[in-house]
Amino acid sequence: MTQQLRTDVVTNPPKLNKMPFGRWFSEIGIRHVVGIFAVIYAGFPILYVVSTSLIPGATLTGSNQLFSALSSANYEALGNTNFWTWLGNTLQIGIITSIATVLMGAAAAYAFSRFRFSGRRMGLISLLVIQMFPQILAFVAIFLLLMTLGYVWPPLGLNSKLALICVYLGGALGANTFLMYGFFNTIPREIDEAAKIDGASHAQIYWTIILRLVAPILAVVGLLSFIGTFNDFVIAKVILQSEQNWTLAVGMYQWVSSQMEQNWGQFAAGAVIGSIPILLLFLFLQRYIVGGLTAGSVKG
């Protein structure tokens with residue numbers, strides 16, 4: 001009997017209920033089409049820049065044939081410029097700004113979230129209102145302020161990387177503090193009370209408990225701050241006036257700003273190398289970012 005059933009199964013396999021193509025495409029297939037289109041849309045500019053960086057003497061319109069030539073001439077030419085100095089300045093400014101932004105923003109968000117003091121509500125409202133005004137409105141004021149401070153203390157005047165870092169911190173502190181404030185409110189206060197019962201001070205609670213619980217939002221703020229600082233051009237162009245102090249965006253702009261001496265191949269090579277620090281930082285912080293997106297979705 002068992003042998004007969006096995007024979008029937010082999011000779012007459014059960015028919016699978018296949019989904020009609022129209023229903024499959026409307027429910028599942030369209031997702032694949034959108035995904036493929038998104039990958040092509042996002043990946044083609046990157047592929048184009050990489051191809052341009054490998055073509056000697058490439059122009060913006062003369063690099064339509066992807067990878068028509070493979071040469072490291074554009075990358076070797078970077079050694080004859082101040083590219084590595086500009087990259088070092090950009091990394092220095094970006095790292096210091098992102099770390100200081102995270103520390104200052106987290107401290108302010110913790111104070112607004114855990115303590116009750118006069119002016120707290122007005123302070124939160126002020127942080128929100130200030131972000132309504134575009135930063136471009138403050139360029140003239142920033143320039144005049146730094147020019148005046150330079151007469152008193154040159155390290156905080158024009159053409160100073162420290163002054164540029166201070167400007168970045170002042171512009172990013174409000175939005176990041178308000179962003180972290182909402183995340184701090186999701187941390188139960190019972191954790192603070194339990195730690196206080198065990199004899200922990202506010203500083204111990206903040207550094208050893210709270211900051212570990214809010215690590216995802218710290219990673220997001222640090223990443224966004226680094227990317228924004230790394231890619232900024234206008235503020236750095238206004239403040240930094242010496243070629244040795246230029247950031248990567250300001251320095252590379254000089255290669256394509258002149259209509260008669262545009263070097264797009266060298267510019268593309270610099271852009272490829274300049275994107276590596278951001279890519280590595282994103283990959284390093286990815287697990288924290290994913291953890292922040294999924295936090296609270298499952299309650300144990």
# chains A, B, ... in the order shown; residues from 1 in each chain; ligands from 1

$ select_by_dssp --residues "range 31-206 of chain A" --states "helix (DSSP H, G or I)" --output "PyMOL selection string"
chain A and resi 31-53+73-80+83-114+120-130+135-152+154-156+161-184+189-197+202-206

$ residues_around --residues "Ala109 in chain A" --least-positions-apart "4" --cutoff "12 Å" --atoms "only C-alpha atoms" --output "JSON, numbers by chain"
{"A": [101, 102, 103, 104, 105, 113, 114, 115, 120, 123, 124, 127, 173, 174, 175, 176, 177, 178, 179, 180, 181, 182, 183, 184, 185, 206, 210, 211, 214, 217, 218]}

$ residues_around --residues "Ile55 in chain A" --least-positions-apart "5" --cutoff "9 Å" --atoms "only C-alpha atoms" --output "NGL selection string"
:A and (63 or 67-74 or 265)

$ write_last_selection --atoms "N, CA and C atoms" --output "PDB file, in the first residue's frame"
ATOM      1  N   SER A  63      32.788  62.210 -21.738  1.00  0.00           N
ATOM      2  CA  SER A  63      32.913  60.935 -21.026  1.00  0.00           C
ATOM      3  C   SER A  63      31.635  60.131 -21.123  1.00  0.00           C
ATOM      4  N   PHE A  67      33.927  53.956 -19.128  1.00  0.00           N
ATOM      5  CA  PHE A  67      35.135  53.145 -19.061  1.00  0.00           C
ATOM      6  C   PHE A  67      35.727  52.906 -20.450  1.00  0.00           C
ATOM      7  N   SER A  68      35.713  53.963 -21.268  1.00  0.00           N
ATOM      8  CA  SER A  68      36.339  53.859 -22.589  1.00  0.00           C
ATOM      9  C   SER A  68      37.857  53.780 -22.479  1.00  0.00           C
ATOM     10  N   ALA A  69      38.401  54.222 -21.344  1.00  0.00           N
ATOM     11  CA  ALA A  69      39.838  54.120 -21.076  1.00  0.00           C
ATOM     12  C   ALA A  69      40.032  53.896 -19.588  1.00  0.00           C
ATOM     13  N   LEU A  70      41.099  53.197 -19.250  1.00  0.00           N
ATOM     14  CA  LEU A  70      41.398  52.919 -17.851  1.00  0.00           C
ATOM     15  C   LEU A  70      42.816  53.408 -17.557  1.00  0.00           C
ATOM     16  N   SER A  71      42.899  54.448 -16.741  1.00  0.00           N
ATOM     17  CA  SER A  71      44.201  55.018 -16.415  1.00  0.00           C
ATOM     18  C   SER A  71      44.131  55.628 -15.024  1.00  0.00           C
ATOM     19  N   SER A  72      45.248  55.578 -14.320  1.00  0.00           N
ATOM     20  CA  SER A  72      45.333  56.187 -12.987  1.00  0.00           C
ATOM     21  C   SER A  72      45.976  57.555 -13.013  1.00  0.00           C
ATOM     22  N   ALA A  73      46.011  58.191 -14.196  1.00  0.00           N
ATOM     23  CA  ALA A  73      46.686  59.482 -14.333  1.00  0.00           C
ATOM     24  C   ALA A  73      46.029  60.549 -13.479  1.00  0.00           C
ATOM     25  N   ASN A  74      44.698  60.560 -13.423  1.00  0.00           N
ATOM     26  CA  ASN A  74      44.005  61.576 -12.632  1.00  0.00           C
ATOM     27  C   ASN A  74      44.283  61.412 -11.134  1.00  0.00           C
ATOM     28  N   GLY A 265      38.330  65.417 -14.944  1.00  0.00           N
ATOM     29  CA  GLY A 265      38.892  64.122 -14.601  1.00  0.00           C
ATOM     30  C   GLY A 265      39.535  64.128 -13.226  1.00  0.00           C
TER      31      GLY A 265
END

$ residues_around --residues "range 138-148 of chain A" --least-positions-apart "2" --cutoff "10 Å" --atoms "only C-alpha atoms" --output "VMD selection string"
chain A and resid 133 to 136 150 to 160 163 to 164 167 171 234 to 235 238 to 239

$ write_last_selection --atoms "N, CA and C atoms" --output "short mmCIF file (atom, residue, chain, number, x, y, z; two decimals), in the first residue's frame"
data_model
loop_
_atom_site.label_atom_id
_atom_site.label_comp_id
_atom_site.auth_asym_id
_atom_site.auth_seq_id
_atom_site.Cartn_x
_atom_site.Cartn_y
_atom_site.Cartn_z
N PHE A 133 14.49 79.83 10.20
CA PHE A 133 15.20 80.80 9.38
C PHE A 133 16.37 80.13 8.67
N PRO A 134 16.49 80.31 7.36
CA PRO A 134 17.60 79.68 6.63
C PRO A 134 18.94 80.25 7.07
N GLN A 135 19.94 79.40 7.04
CA GLN A 135 21.26 79.79 7.52
C GLN A 135 21.91 80.85 6.64
N ILE A 136 21.45 80.96 5.41
CA ILE A 136 22.05 81.92 4.50
C ILE A 136 21.82 83.36 4.97
N GLY A 150 38.55 88.57 15.06
CA GLY A 150 39.93 88.37 14.64
C GLY A 150 40.87 89.44 15.15
N TYR A 151 40.36 90.65 15.34
CA TYR A 151 41.21 91.72 15.88
C TYR A 151 41.50 91.49 17.36
N VAL A 152 40.56 90.84 18.07
CA VAL A 152 40.74 90.60 19.50
C VAL A 152 41.52 89.31 19.74
N TRP A 153 41.10 88.24 19.07
CA TRP A 153 41.74 86.93 19.23
C TRP A 153 41.79 86.26 17.87
N PRO A 154 42.91 86.27 17.17
CA PRO A 154 43.01 85.74 15.80
C PRO A 154 42.51 84.31 15.61
N PRO A 155 42.69 83.38 16.59
CA PRO A 155 42.18 82.02 16.36
C PRO A 155 40.67 81.94 16.12
N LEU A 156 39.93 82.97 16.48
CA LEU A 156 38.48 82.97 16.23
C LEU A 156 38.10 83.98 15.16
N GLY A 157 39.06 84.37 14.35
CA GLY A 157 38.78 85.30 13.27
C GLY A 157 38.61 84.59 11.94
N LEU A 158 38.63 85.37 10.87
CA LEU A 158 38.52 84.81 9.54
C LEU A 158 39.75 83.96 9.22
N ASN A 159 39.58 83.02 8.31
CA ASN A 159 40.64 82.11 7.89
C ASN A 159 41.11 81.22 9.04
N SER A 160 40.18 80.85 9.92
CA SER A 160 40.51 79.99 11.06
C SER A 160 39.60 78.77 11.04
N ALA A 163 37.30 78.79 14.10
CA ALA A 163 36.13 79.64 13.93
C ALA A 163 35.07 78.95 13.08
N LEU A 164 35.49 78.21 12.05
CA LEU A 164 34.53 77.48 11.21
C LEU A 164 33.83 76.40 12.01
N VAL A 167 31.18 77.98 14.16
CA VAL A 167 29.99 78.34 13.36
C VAL A 167 29.14 77.12 13.08
N GLY A 171 25.19 76.38 14.37
CA GLY A 171 24.09 76.15 13.44
C GLY A 171 23.41 74.81 13.62
N VAL A 234 29.53 76.74 1.08
CA VAL A 234 29.31 78.17 1.15
C VAL A 234 29.96 78.77 2.40
N ILE A 235 29.66 78.20 3.57
CA ILE A 235 30.20 78.76 4.81
C ILE A 235 31.73 78.63 4.83
N VAL A 238 33.29 81.28 2.68
CA VAL A 238 33.25 82.62 3.25
C VAL A 238 34.32 82.80 4.33
N ILE A 239 34.54 81.78 5.14
CA ILE A 239 35.43 81.92 6.30
C ILE A 239 36.88 81.60 5.96
#

$ atom_distance --atom1 "CA of Leu66 in chain A" --atom2 "CA of Val50 in chain A"
8.9 Å

$ residues_around --residues "Phe282 in chain A" --least-positions-apart "4" --cutoff "8 Å" --atoms "only C-alpha atoms" --output "compact mmCIF listing (two decimals) with N, CA and C atoms, in the first residue's frame"
# COMPACT_ATOMS: atom_id res chain seq x y z
N LEU A 223 26.54 61.07 12.35
CA LEU A 223 26.68 60.82 10.92
C LEU A 223 26.18 62.00 10.10
N ILE A 278 33.10 58.97 4.16
CA ILE A 278 31.67 58.94 4.47
C ILE A 278 31.13 57.53 4.34
N GLN A 286 26.21 51.61 10.74
CA GLN A 286 24.97 51.06 10.18
C GLN A 286 24.19 50.25 11.21

$ closest_residue --among "A:Ser118, A:Thr85, A:Ser53, A:Thr90" --to "Glu243 in chain A" --atoms "only C-alpha atoms"
A:Thr85

$ closest_residue --among "A:Ala236, A:Val256, A:Val272, A:Leu169" --to "Ile99 in chain A" --atoms "only C-alpha atoms"
A:Leu169

$ closest_residue --among "A:Ala200, A:Ile191, A:Leu162, A:Leu87" --to "Trp246 in chain A" --atoms "only C-alpha atoms"
A:Leu87

$ closest_residue --among "A:Phe267, A:Phe21, A:Phe230, A:Phe83" --to "Thr52 in chain A" --atoms "only C-alpha atoms"
A:Phe267
